[in-house]
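For reference, structure.txt (compact mmCIF, C-alpha atoms):
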# COMPACT_ATOMS: atom_id res chain seq x y z
CA MET A 1 9.67 7.14 20.36
CA GLN A 2 9.40 10.10 22.71
CA ASP A 3 6.95 12.97 23.10
CA VAL A 4 8.56 16.39 22.64
CA THR A 5 7.58 20.05 22.58
CA PHE A 6 9.19 23.04 20.86
CA ALA A 7 8.16 26.62 20.22
CA ASN A 8 7.61 28.95 17.30
CA GLY A 9 7.21 32.31 18.99
CA GLU A 10 4.15 32.09 21.23
CA VAL A 11 2.94 28.83 19.67
CA GLU A 12 4.02 25.66 21.44
CA LEU A 13 4.07 22.64 19.17
CA ALA A 14 3.93 19.04 20.38
CA GLY A 15 5.21 16.06 18.50
CA SER A 16 6.90 12.67 18.47
CA LEU A 17 10.60 12.07 17.95
CA ARG A 18 12.25 8.83 17.00
CA VAL A 19 16.05 8.59 16.87
CA PRO A 20 17.84 5.37 15.85
CA VAL A 21 19.42 3.69 18.87
CA GLU A 22 22.85 3.50 17.29
CA ALA A 23 23.48 7.06 16.09
CA ASP A 24 27.25 6.90 15.64
CA PRO A 25 28.19 8.40 13.26
CA PRO A 26 25.44 11.05 13.43
CA VAL A 27 22.34 10.31 11.37
CA GLY A 28 20.26 12.38 8.98
CA GLY A 29 16.88 13.71 10.02
CA VAL A 30 13.39 14.07 8.55
CA VAL A 31 10.60 16.40 9.68
CA LEU A 32 7.18 15.16 8.55
CA VAL A 33 4.74 18.00 7.77
CA GLY A 34 1.07 17.02 7.65
CA GLY A 35 -1.61 17.89 5.13
CA SER A 36 -4.65 20.14 5.17
CA GLY A 37 -7.14 20.56 7.98
CA PRO A 38 -6.64 19.58 11.63
CA THR A 39 -3.83 17.10 11.05
CA ASP A 40 -2.07 15.55 14.02
CA ARG A 41 1.47 14.20 14.28
CA ASP A 42 0.43 10.94 12.60
CA ASN A 43 -1.54 12.65 9.81
CA GLY A 44 -4.32 10.25 10.71
CA THR A 45 -2.38 7.02 10.44
CA TYR A 46 -0.52 7.85 7.22
CA PHE A 47 2.76 8.94 8.82
CA GLN A 48 3.18 5.93 11.09
CA PRO A 49 4.66 3.46 8.56
CA ILE A 50 6.76 6.24 7.01
CA GLN A 51 8.18 7.19 10.40
CA GLN A 52 8.95 3.57 11.24
CA HIS A 53 10.59 2.86 7.88
CA LEU A 54 12.77 5.97 7.94
CA ALA A 55 13.90 5.25 11.50
CA GLU A 56 14.82 1.71 10.49
CA ALA A 57 16.70 3.19 7.52
CA GLY A 58 18.82 5.22 9.95
CA PHE A 59 17.05 8.58 10.05
CA ALA A 60 15.85 10.54 13.05
CA VAL A 61 12.20 11.42 12.45
CA LEU A 62 10.09 14.19 13.96
CA SER A 63 6.38 14.70 13.33
CA TYR A 64 4.15 17.18 15.11
CA ASP A 65 0.56 18.22 15.75
CA LYS A 66 -0.40 21.18 13.59
CA ARG A 67 -0.98 24.35 15.59
CA GLY A 68 -4.35 24.11 17.33
CA VAL A 69 -4.46 20.31 16.98
CA GLY A 70 -3.73 17.67 19.60
CA ARG A 71 -1.36 19.10 22.19
CA SER A 72 -0.19 22.06 20.09
CA SER A 73 -1.38 25.56 20.91
CA GLY A 74 -2.54 28.17 18.41
CA ASP A 75 -5.10 27.92 15.60
CA TRP A 76 -4.29 26.64 12.11
CA ARG A 77 -7.37 28.41 10.72
CA ALA A 78 -5.86 31.75 11.70
CA ALA A 79 -2.48 30.87 10.19
CA THR A 80 -0.92 31.95 6.91
CA MET A 81 1.32 29.79 4.73
CA ASP A 82 4.26 31.70 6.22
CA ASP A 83 3.08 30.82 9.73
CA LEU A 84 2.86 27.14 8.89
CA ALA A 85 6.27 27.27 7.18
CA ALA A 86 7.73 28.90 10.31
CA ASP A 87 6.31 26.02 12.36
CA ALA A 88 8.09 23.56 10.06
CA VAL A 89 11.35 25.50 10.40
CA ALA A 90 10.98 25.45 14.20
CA ALA A 91 10.51 21.67 14.02
CA LEU A 92 13.60 21.36 11.81
CA SER A 93 15.69 23.49 14.19
CA PHE A 94 14.57 21.34 17.11
CA LEU A 95 15.43 18.12 15.28
CA ARG A 96 18.83 19.42 14.23
CA ALA A 97 19.66 20.23 17.86
CA GLN A 98 19.11 16.64 19.03
CA PRO A 99 22.09 14.51 20.07
CA GLY A 100 23.04 12.06 17.35
CA VAL A 101 21.51 14.09 14.53
CA GLN A 102 23.71 15.58 11.85
CA PRO A 103 22.24 19.10 11.42
CA GLN A 104 23.14 19.57 7.77
CA ALA A 105 21.62 16.20 6.87
CA ALA A 106 18.10 17.01 8.08
CA GLY A 107 15.30 18.26 5.84
CA LEU A 108 11.56 18.43 5.30
CA PHE A 109 8.98 15.94 4.02
CA GLY A 110 5.56 17.48 3.31
CA HIS A 111 2.38 15.65 2.40
CA SER A 112 -0.32 17.32 0.28
CA GLU A 113 -0.78 20.87 1.69
CA GLY A 114 2.27 20.09 3.81
CA GLY A 115 4.21 19.99 0.55
CA TRP A 116 3.40 23.66 -0.04
CA VAL A 117 4.50 24.34 3.54
CA ALA A 118 7.75 22.42 3.07
CA LEU A 119 8.49 24.19 -0.22
CA ARG A 120 7.83 27.60 1.34
CA ALA A 121 10.14 26.77 4.27
CA SER A 122 12.83 25.24 2.04
CA SER A 123 12.87 28.06 -0.51
CA ALA A 124 13.78 30.57 2.19
CA ARG A 125 16.81 28.65 3.40
CA GLY A 126 20.13 27.76 1.84
CA ASP A 127 21.11 25.08 4.34
CA LEU A 128 18.66 22.27 3.52
CA PRO A 129 20.10 19.15 1.89
CA TRP A 130 16.79 18.23 0.21
CA VAL A 131 13.01 18.53 0.33
CA VAL A 132 10.46 15.80 -0.32
CA THR A 133 6.84 16.42 -1.29
CA SER A 134 4.20 13.71 -1.42
CA SER A 135 0.97 14.35 -3.36
CA CYS A 136 1.71 18.08 -3.36
CA PRO A 137 -0.36 20.01 -5.92
CA GLY A 138 1.47 22.17 -8.44
CA VAL A 139 -1.73 24.15 -8.93
CA SER A 140 -3.50 26.53 -6.55
CA PRO A 141 -5.75 25.27 -3.73
CA ALA A 142 -8.78 26.57 -5.64
CA GLU A 143 -7.85 24.55 -8.72
CA GLN A 144 -6.98 21.48 -6.67
CA GLU A 145 -10.25 21.60 -4.74
CA ARG A 146 -12.24 21.97 -7.98
CA TYR A 147 -10.47 18.95 -9.45
CA ALA A 148 -11.19 16.85 -6.36
CA LEU A 149 -14.80 17.99 -6.19
CA GLY A 150 -15.28 17.22 -9.88
CA ASN A 151 -14.03 13.67 -9.42
CA HIS A 152 -16.25 13.23 -6.38
CA LEU A 153 -19.29 14.44 -8.31
CA LYS A 154 -18.54 12.16 -11.25
CA GLY A 155 -18.40 9.27 -8.80
CA LEU A 156 -21.82 10.26 -7.43
CA HIS A 157 -23.68 11.09 -10.63
CA GLY A 158 -21.62 9.82 -13.53
CA ASP A 159 -19.54 11.79 -16.01
CA GLY A 160 -21.58 14.33 -17.96
CA HIS A 161 -24.50 14.47 -15.53
CA PRO A 162 -26.05 17.98 -15.29
CA GLU A 163 -25.59 17.95 -11.51
CA VAL A 164 -21.81 17.84 -11.98
CA ARG A 165 -21.80 21.06 -14.00
CA ARG A 166 -24.34 22.75 -11.72
CA THR A 167 -22.35 22.04 -8.57
CA LEU A 168 -19.03 23.02 -10.12
CA THR A 169 -20.59 26.30 -11.26
CA LEU A 170 -21.60 26.96 -7.66
CA TYR A 171 -18.06 26.11 -6.55
CA ASP A 172 -16.71 28.67 -9.05
CA GLN A 173 -19.10 31.26 -7.62
CA LEU A 174 -17.82 30.54 -4.12
CA ALA A 175 -14.23 30.88 -5.29
CA GLU A 176 -15.00 34.26 -6.85
CA ALA A 177 -16.76 35.32 -3.65
CA GLY A 178 -13.60 34.43 -1.78
CA ARG A 179 -11.53 36.58 -4.11
CA ARG A 180 -13.88 39.47 -3.40
CA ASN A 181 -13.36 38.82 0.33
CA ALA A 182 -17.09 38.15 0.79
CA ASP A 183 -18.12 37.28 4.32
CA PHE A 184 -19.35 33.84 5.32
CA SER A 185 -23.04 34.78 5.30
CA THR A 186 -22.73 35.93 1.68
CA ALA A 187 -21.05 32.69 0.70
CA GLN A 188 -23.63 30.62 2.55
CA GLN A 189 -26.38 32.52 0.77
CA LEU A 190 -24.91 31.43 -2.57
CA VAL A 191 -25.12 27.83 -1.40
CA ASP A 192 -28.67 28.23 -0.12
CA ASN A 193 -29.83 29.97 -3.29
CA ALA A 194 -28.50 27.06 -5.32
CA GLY A 195 -30.46 24.60 -3.20
CA ALA A 196 -27.37 23.28 -1.41
CA PRO A 197 -26.68 20.47 -3.89
CA PRO A 198 -25.73 17.37 -1.86
CA GLY A 199 -22.49 16.76 -3.72
CA LEU A 200 -21.14 20.13 -2.56
CA ALA A 201 -20.92 18.77 1.00
CA TYR A 202 -17.62 17.17 -0.05
CA TYR A 203 -16.18 20.70 -0.09
CA TRP A 204 -18.62 22.78 1.97
CA GLY A 205 -19.83 20.36 4.64
CA ASP A 206 -17.50 21.53 7.44
CA VAL A 207 -17.11 25.16 6.41
CA ASP A 208 -17.94 27.73 9.06
CA GLU A 209 -16.98 31.39 9.44
CA ARG A 210 -13.44 30.72 10.64
CA LEU A 211 -12.74 28.03 8.07
CA TRP A 212 -14.17 30.24 5.30
CA SER A 213 -11.69 32.97 6.28
CA PHE A 214 -8.86 30.45 6.03
CA LEU A 215 -10.02 29.04 2.70
CA LYS A 216 -10.39 32.38 0.96
CA ARG A 217 -7.00 33.53 2.27
CA LYS A 218 -5.32 30.36 0.98
CA GLN A 219 -7.25 29.61 -2.21
CA ASP A 220 -4.96 31.32 -4.73
CA HIS A 221 -1.64 30.25 -3.22
CA ASP A 222 0.81 29.73 -6.09
CA PRO A 223 3.66 27.28 -5.39
CA THR A 224 5.68 28.40 -8.42
CA PRO A 225 7.59 31.27 -6.71
CA ASP A 226 8.74 28.86 -4.00
CA LEU A 227 9.73 26.29 -6.61
CA LEU A 228 11.78 28.91 -8.47
CA GLN A 229 13.58 29.92 -5.28
CA LEU A 230 14.33 26.37 -4.20
CA ARG A 231 18.00 25.85 -3.32
CA CYS A 232 18.12 22.09 -2.79
CA PRO A 233 17.20 18.85 -4.59
CA HIS A 234 13.48 18.08 -4.64
CA LEU A 235 11.83 14.65 -4.71
CA ALA A 236 8.17 14.88 -5.78
CA LEU A 237 6.09 11.75 -5.24
CA PHE A 238 2.61 11.15 -6.65
CA GLY A 239 0.08 8.37 -6.80
CA GLY A 240 -1.01 7.58 -10.32
CA ALA A 241 -4.62 7.08 -9.18
CA ASP A 242 -4.84 10.25 -7.08
CA SER A 243 -8.32 11.71 -7.54
CA THR A 244 -7.62 14.65 -5.22
CA VAL A 245 -4.65 16.26 -6.98
CA PRO A 246 -4.23 16.79 -10.76
CA VAL A 247 -1.00 14.82 -11.02
CA ALA A 248 -0.13 15.47 -14.67
CA ASP A 249 -0.74 19.22 -14.33
CA SER A 250 1.29 19.33 -11.11
CA ILE A 251 4.23 17.57 -12.71
CA ARG A 252 4.18 20.05 -15.60
CA VAL A 253 4.37 22.95 -13.13
CA PHE A 254 7.21 21.35 -11.17
CA ALA A 255 9.12 20.58 -14.36
CA ALA A 256 8.63 24.09 -15.78
CA ALA A 257 10.04 25.59 -12.58
CA ALA A 258 13.01 23.20 -12.67
CA CYS A 259 13.75 24.26 -16.26
CA HIS A 260 13.56 27.98 -15.48
CA SER A 261 16.77 29.98 -15.72
CA ALA A 262 16.22 31.34 -12.20
CA ARG A 263 16.43 27.89 -10.63
CA LEU A 264 19.76 27.08 -9.00
CA HIS A 265 21.67 24.18 -10.55
CA ARG A 266 21.70 22.33 -7.25
CA ALA A 267 17.89 22.37 -7.09
CA THR A 268 17.38 19.21 -9.13
CA LEU A 269 13.96 17.64 -9.54
CA THR A 270 13.17 13.94 -9.25
CA VAL A 271 9.58 12.87 -9.94
CA GLU A 272 8.19 9.46 -9.03
CA VAL A 273 4.67 8.45 -10.03
CA LEU A 274 3.55 5.20 -8.45
CA PRO A 275 0.82 3.55 -10.53
CA GLY A 276 -2.28 2.63 -8.55
CA GLY A 277 -1.46 4.91 -5.64
CA ASP A 278 -4.16 7.21 -4.28
CA HIS A 279 -3.69 10.59 -2.60
CA ARG A 280 -1.98 8.93 0.36
CA LEU A 281 0.05 6.65 -1.90
CA GLN A 282 -2.05 3.77 -0.68
CA THR A 283 -3.54 1.06 -2.86
CA GLU A 284 -7.26 1.45 -3.58
CA GLY A 285 -9.44 0.17 -0.76
CA SER A 286 -6.47 -0.51 1.49
CA ALA A 287 -4.40 1.25 4.12
CA ALA A 288 -1.29 -0.40 2.70
CA LEU A 289 1.20 1.88 0.97
CA VAL A 290 1.93 1.23 -2.70
CA PRO A 291 4.75 -1.32 -3.06
CA GLY A 292 8.10 0.38 -3.42
CA TYR A 293 7.01 3.76 -2.07
CA LEU A 294 8.90 3.63 1.22
CA ALA A 295 12.02 2.19 -0.41
CA LYS A 296 12.06 4.97 -3.02
CA VAL A 297 11.90 7.61 -0.29
CA SER A 298 14.66 6.18 1.90
CA GLN A 299 16.94 5.35 -1.03
CA TRP A 300 16.62 8.85 -2.48
CA LEU A 301 17.27 10.45 0.91
CA THR A 302 20.29 8.26 1.53
CA SER A 303 21.72 9.18 -1.88
CA HIS A 304 21.40 12.89 -1.03
CA VAL A 305 22.97 12.73 2.41
CA THR A 306 26.62 12.00 3.14
CA PRO A 307 28.28 12.14 6.56
CA SER A 308 30.95 14.56 5.37
CA THR A 309 28.88 17.18 3.60
CA GLY A 310 25.29 16.69 4.78
CA GLY A 311 24.06 16.63 1.21
CA SER A 312 24.94 16.42 -2.44
CA SER A 313 23.37 17.58 -5.63
In structure tokens, what does this structure look like?
Amino acid sequence: MQDVTFANGEVELAGSLRVPVEADPPVGGVVLVGGSGPTDRDNGTYFQPIQQHLAEAGFAVLSYDKRGVGRSSGDWRAATMDDLAADAVAALSFLRAQPGVQPQAAGLFGHSEGGWVALRASSARGDLPWVVTSSCPGVSPAEQERYALGNHLKGLHGDGHPEVRRTLTLYDQLAEAGRRNADFSTAQQLVDNAGAPPGLAYYWGDVDERLWSFLKRKQDHDPTPDLLQLRCPHLALFGGADSTVPVADSIRVFAAAACHSARLHRATLTVEVLPGGDHRLQTEGSAALVPGYLAKVSQWLTSHVTPSTGGSS
């Protein structure tokens, strides 16, 4: 494992690179793209076992601190989806330039929001062998956040409790305020007028002026255009017990895009739902990944990378 830096324009990104010791013939490569918020190169601790497993399976692996996090410059709250996708492309270009890495056998793995980033980056390029998304919503951020908040509120108050509906109504008002480009003070006033219901802290607790600007800019992101423009095979992984992402709805969106006439034939879709897995594909109450998750990832990647072509459909 070695610390590395690479640039996307004026932003310098810092990360960790692991290349298998015996890289002859050249190996494939994986860039890990973290989820929402101030995610570092390890995405908390979630990426560590994935990085280790993929390296042991013969892949070079690069993960990096999101802009403005850890040792990376910039500010993720000021970034657009295109900015974050450009960061991922810069990481991929850096990985492909490393000795022992087969350039055309390197692609992107995005977790949660990082899945949107990976799809945006992959849809714009015709030279990726594959893209992997893990717990990536097929719905907009606003819909995904409402789903997660609803589950949180049901856990606090019980299904059908009036507080659930009251807090979700306030959330809907905040989402509409974002669409009107309301400033932070206006949004905060909505919260204050509603008595700042405690359950809303799950969504609103860390929101300040800069984060509000980011949230309202991102909230109606639609992954479907990127899915339709995808030019490579896509592995979509979900945990069956994910309370953060509406898994069934997301799969329907991914499948509809894969069935669309605009989708290239090479852009196949493979969906894996691992029963019992949460948003991080971990078993409930444990940091351990769901059995079989890592093997499914490495086996699928290996089947889509060949030394001669760098990928197959």
Taking only residues of range 100-207 of chain A that have an atom at most 7 Å from an atom of range 246-258 of chain A, what is each one's shortest atom pair and its distance in Å to one decimal, using all atoms listed in the file, in chain and number order, as JSON lines?
{"residue": "A:Pro137", "atom": "CA", "partner": "A:Ser250", "partner_atom": "CA", "distance": 5.5}
{"residue": "A:Gly138", "atom": "CA", "partner": "A:Ser250", "partner_atom": "CA", "distance": 3.9}
{"residue": "A:Val139", "atom": "CA", "partner": "A:Ser250", "partner_atom": "CA", "distance": 6.1}
{"residue": "A:Gln144", "atom": "CA", "partner": "A:Pro246", "partner_atom": "CA", "distance": 6.8}
{"residue": "A:Tyr147", "atom": "CA", "partner": "A:Pro246", "partner_atom": "CA", "distance": 6.7}
Could you write those residues out with C-alpha atoms, as a PDB file, in the coordinates of the input?
ATOM      1  CA  PRO A 137      -0.360  20.010  -5.920  1.00  0.00           C
ATOM      2  CA  GLY A 138       1.470  22.170  -8.440  1.00  0.00           C
ATOM      3  CA  VAL A 139      -1.730  24.150  -8.930  1.00  0.00           C
ATOM      4  CA  GLN A 144      -6.980  21.480  -6.670  1.00  0.00           C
ATOM      5  CA  TYR A 147     -10.470  18.950  -9.450  1.00  0.00           C
TER       6      TYR A 147
END
Compare A:His157, A:His111, A:Lys66, A:His304 by their minimum atom-to-atom distance to Ala14 in chain A, counting only C-alpha atoms, and give me the closest one.
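Residue with the minimum atom-to-atom distance to Ala14 in chain A: A:Lys66.
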Mind giving me the straight-line distance from CA of Thr5 in chain A to CA of Ala60 in chain A in Å, one decimal?
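Interatomic distance here is 15.8 Å.
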Nearest residue to Trp204 in chain A from the set A:Asp242, A:Glu163, A:Asp87, A:Glu145 (distances using all atoms listed in the file)
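The shortest atom-to-atom distance to Trp204 in chain A comes from A:Glu145.
Considering the residues A:Val207, A:Ala187, A:Met1, A:Ala57 and counting all atoms listed in the file, Thr302 in chain A has its shortest atom-to-atom contact with A:Ala57.
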Can you work out the spacing between CA of Val297 in chain A and CA of Ala88 in chain A in Å, to one decimal?
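Distance between the two atoms: 19.4 Å.
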For a quick check of understanding, using only C-alpha atoms, which of A:Ala78, A:Ala124, A:Val4, A:Val245 has the smallest distance to Arg280 in chain A?
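That would be A:Val245, the residue with the smallest distance to Arg280 in chain A.
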Can you list, as a list in words, every protein, DNA or RNA residue that comes within 10 Å of Tyr203 in chain A when you count only C-alpha atoms, leaving out same-chain residues fewer than 2 positions away?
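The residues that qualify are Glu145, Arg146, Ala148, Leu149, His152, Tyr171, Gly199, Leu200, Ala201, Gly205, Asp206 and Val207 of chain A.
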Surrounding residues of range 175-181 of chain A excluding itself and chain neighbours under 5 positions, 12 Å, all atoms listed in the file, as a list in words
Ser140, Pro141, Ala142, Glu143, Gln144, Glu145, Arg146, Leu168, Thr169, Leu170, Thr186, Ala187, Gln188, Gln189, Leu190, Val191, Tyr203, Trp204, Leu211, Trp212, Ser213, Phe214, Leu215, Lys216, Arg217, Lys218, Gln219, Asp220 and His221 of chain A
For Gly28 in chain A, list every protein, DNA or RNA residue within 9 Å, evaluated using only C-alpha atoms, and leave out those in the same chain fewer than 5 positions away; present the list as a list in words.
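Counting only C-alpha atoms, the residues come to Gly58, Phe59, Ala60, Val61, Arg96, Gly100, Val101, Gln102, Pro103, Gln104, Ala105, Ala106, Gly107, Leu301, Thr302, Val305, Thr306, Pro307 and Gly310 of chain A.
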Show me the residues close to (-26.2, 24.8, -7.5) - anything with an atom within 6 Å, counting only C-alpha atoms - and format the list as number ranges by chain.
A: 166-167, 170, 194, 197
Measuring between only C-alpha atoms, which one of A:Cys136, A:Ala7, A:Leu235, A:Leu153 shows the shortest distance to Gly35 in chain A?
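Nearest candidate to Gly35 in chain A out of A:Cys136, A:Ala7, A:Leu235, A:Leu153: A:Cys136.
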One-decimal distance in Å that lies between CA of Asn8 in chain A and CA of Ala79 in chain A
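That distance, rounded to one decimal, is 12.5 Å.
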Counting only C-alpha atoms, the residue of A:Gln52, A:Thr45, A:Ser134, A:Ser303 that sits nearest Phe238 in chain A:
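The shortest atom-to-atom distance to Phe238 in chain A comes from A:Ser134.
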Could you give me the axis-aligned bounding box of range 60-69 of chain A, with 6 Å of padding per side, as centre plus edge lengths in Å to one decimal, as AutoDock Vina command-line options?
--center_x 5.7 --center_y 17.4 --center_z 14.9 --size_x 32.3 --size_y 25.8 --size_z 16.9
Write out as an MDAnalysis selection string the residues lying within 8 Å of Gly239 in chain A, counting all atoms listed in the file and excluding same-chain residues fewer than 5 positions away.
chainID A and resid 135 247 273:282
Prev. selection, C-alpha atoms, output as a tab-separated table (two decimals), in the frame of the given file:
chain	number	residue	atom	x	y	z
A	135	SER	CA	0.97	14.35	-3.36
A	247	VAL	CA	-1.00	14.82	-11.02
A	273	VAL	CA	4.67	8.45	-10.03
A	274	LEU	CA	3.55	5.20	-8.45
A	275	PRO	CA	0.82	3.55	-10.53
A	276	GLY	CA	-2.28	2.63	-8.55
A	277	GLY	CA	-1.46	4.91	-5.64
A	278	ASP	CA	-4.16	7.21	-4.28
A	279	HIS	CA	-3.69	10.59	-2.60
A	280	ARG	CA	-1.98	8.93	0.36
A	281	LEU	CA	0.05	6.65	-1.90
A	282	GLN	CA	-2.05	3.77	-0.68
Give me, as a PDB file with C-alpha atoms, in the coordinates of the input, all polymer residues having an atom no more than 8 Å from Val117 in chain A, counting only C-alpha atoms and skipping those fewer than 4 positions away in the same chain.
ATOM      1  CA  VAL A  33       4.740  18.000   7.770  1.00  0.00           C
ATOM      2  CA  MET A  81       1.320  29.790   4.730  1.00  0.00           C
ATOM      3  CA  ASP A  82       4.260  31.700   6.220  1.00  0.00           C
ATOM      4  CA  LEU A  84       2.860  27.140   8.890  1.00  0.00           C
ATOM      5  CA  ALA A  85       6.270  27.270   7.180  1.00  0.00           C
ATOM      6  CA  ALA A  88       8.090  23.560  10.060  1.00  0.00           C
ATOM      7  CA  GLY A 110       5.560  17.480   3.310  1.00  0.00           C
ATOM      8  CA  GLU A 113      -0.780  20.870   1.690  1.00  0.00           C
ATOM      9  CA  ALA A 121      10.140  26.770   4.270  1.00  0.00           C
TER      10      ALA A 121
END
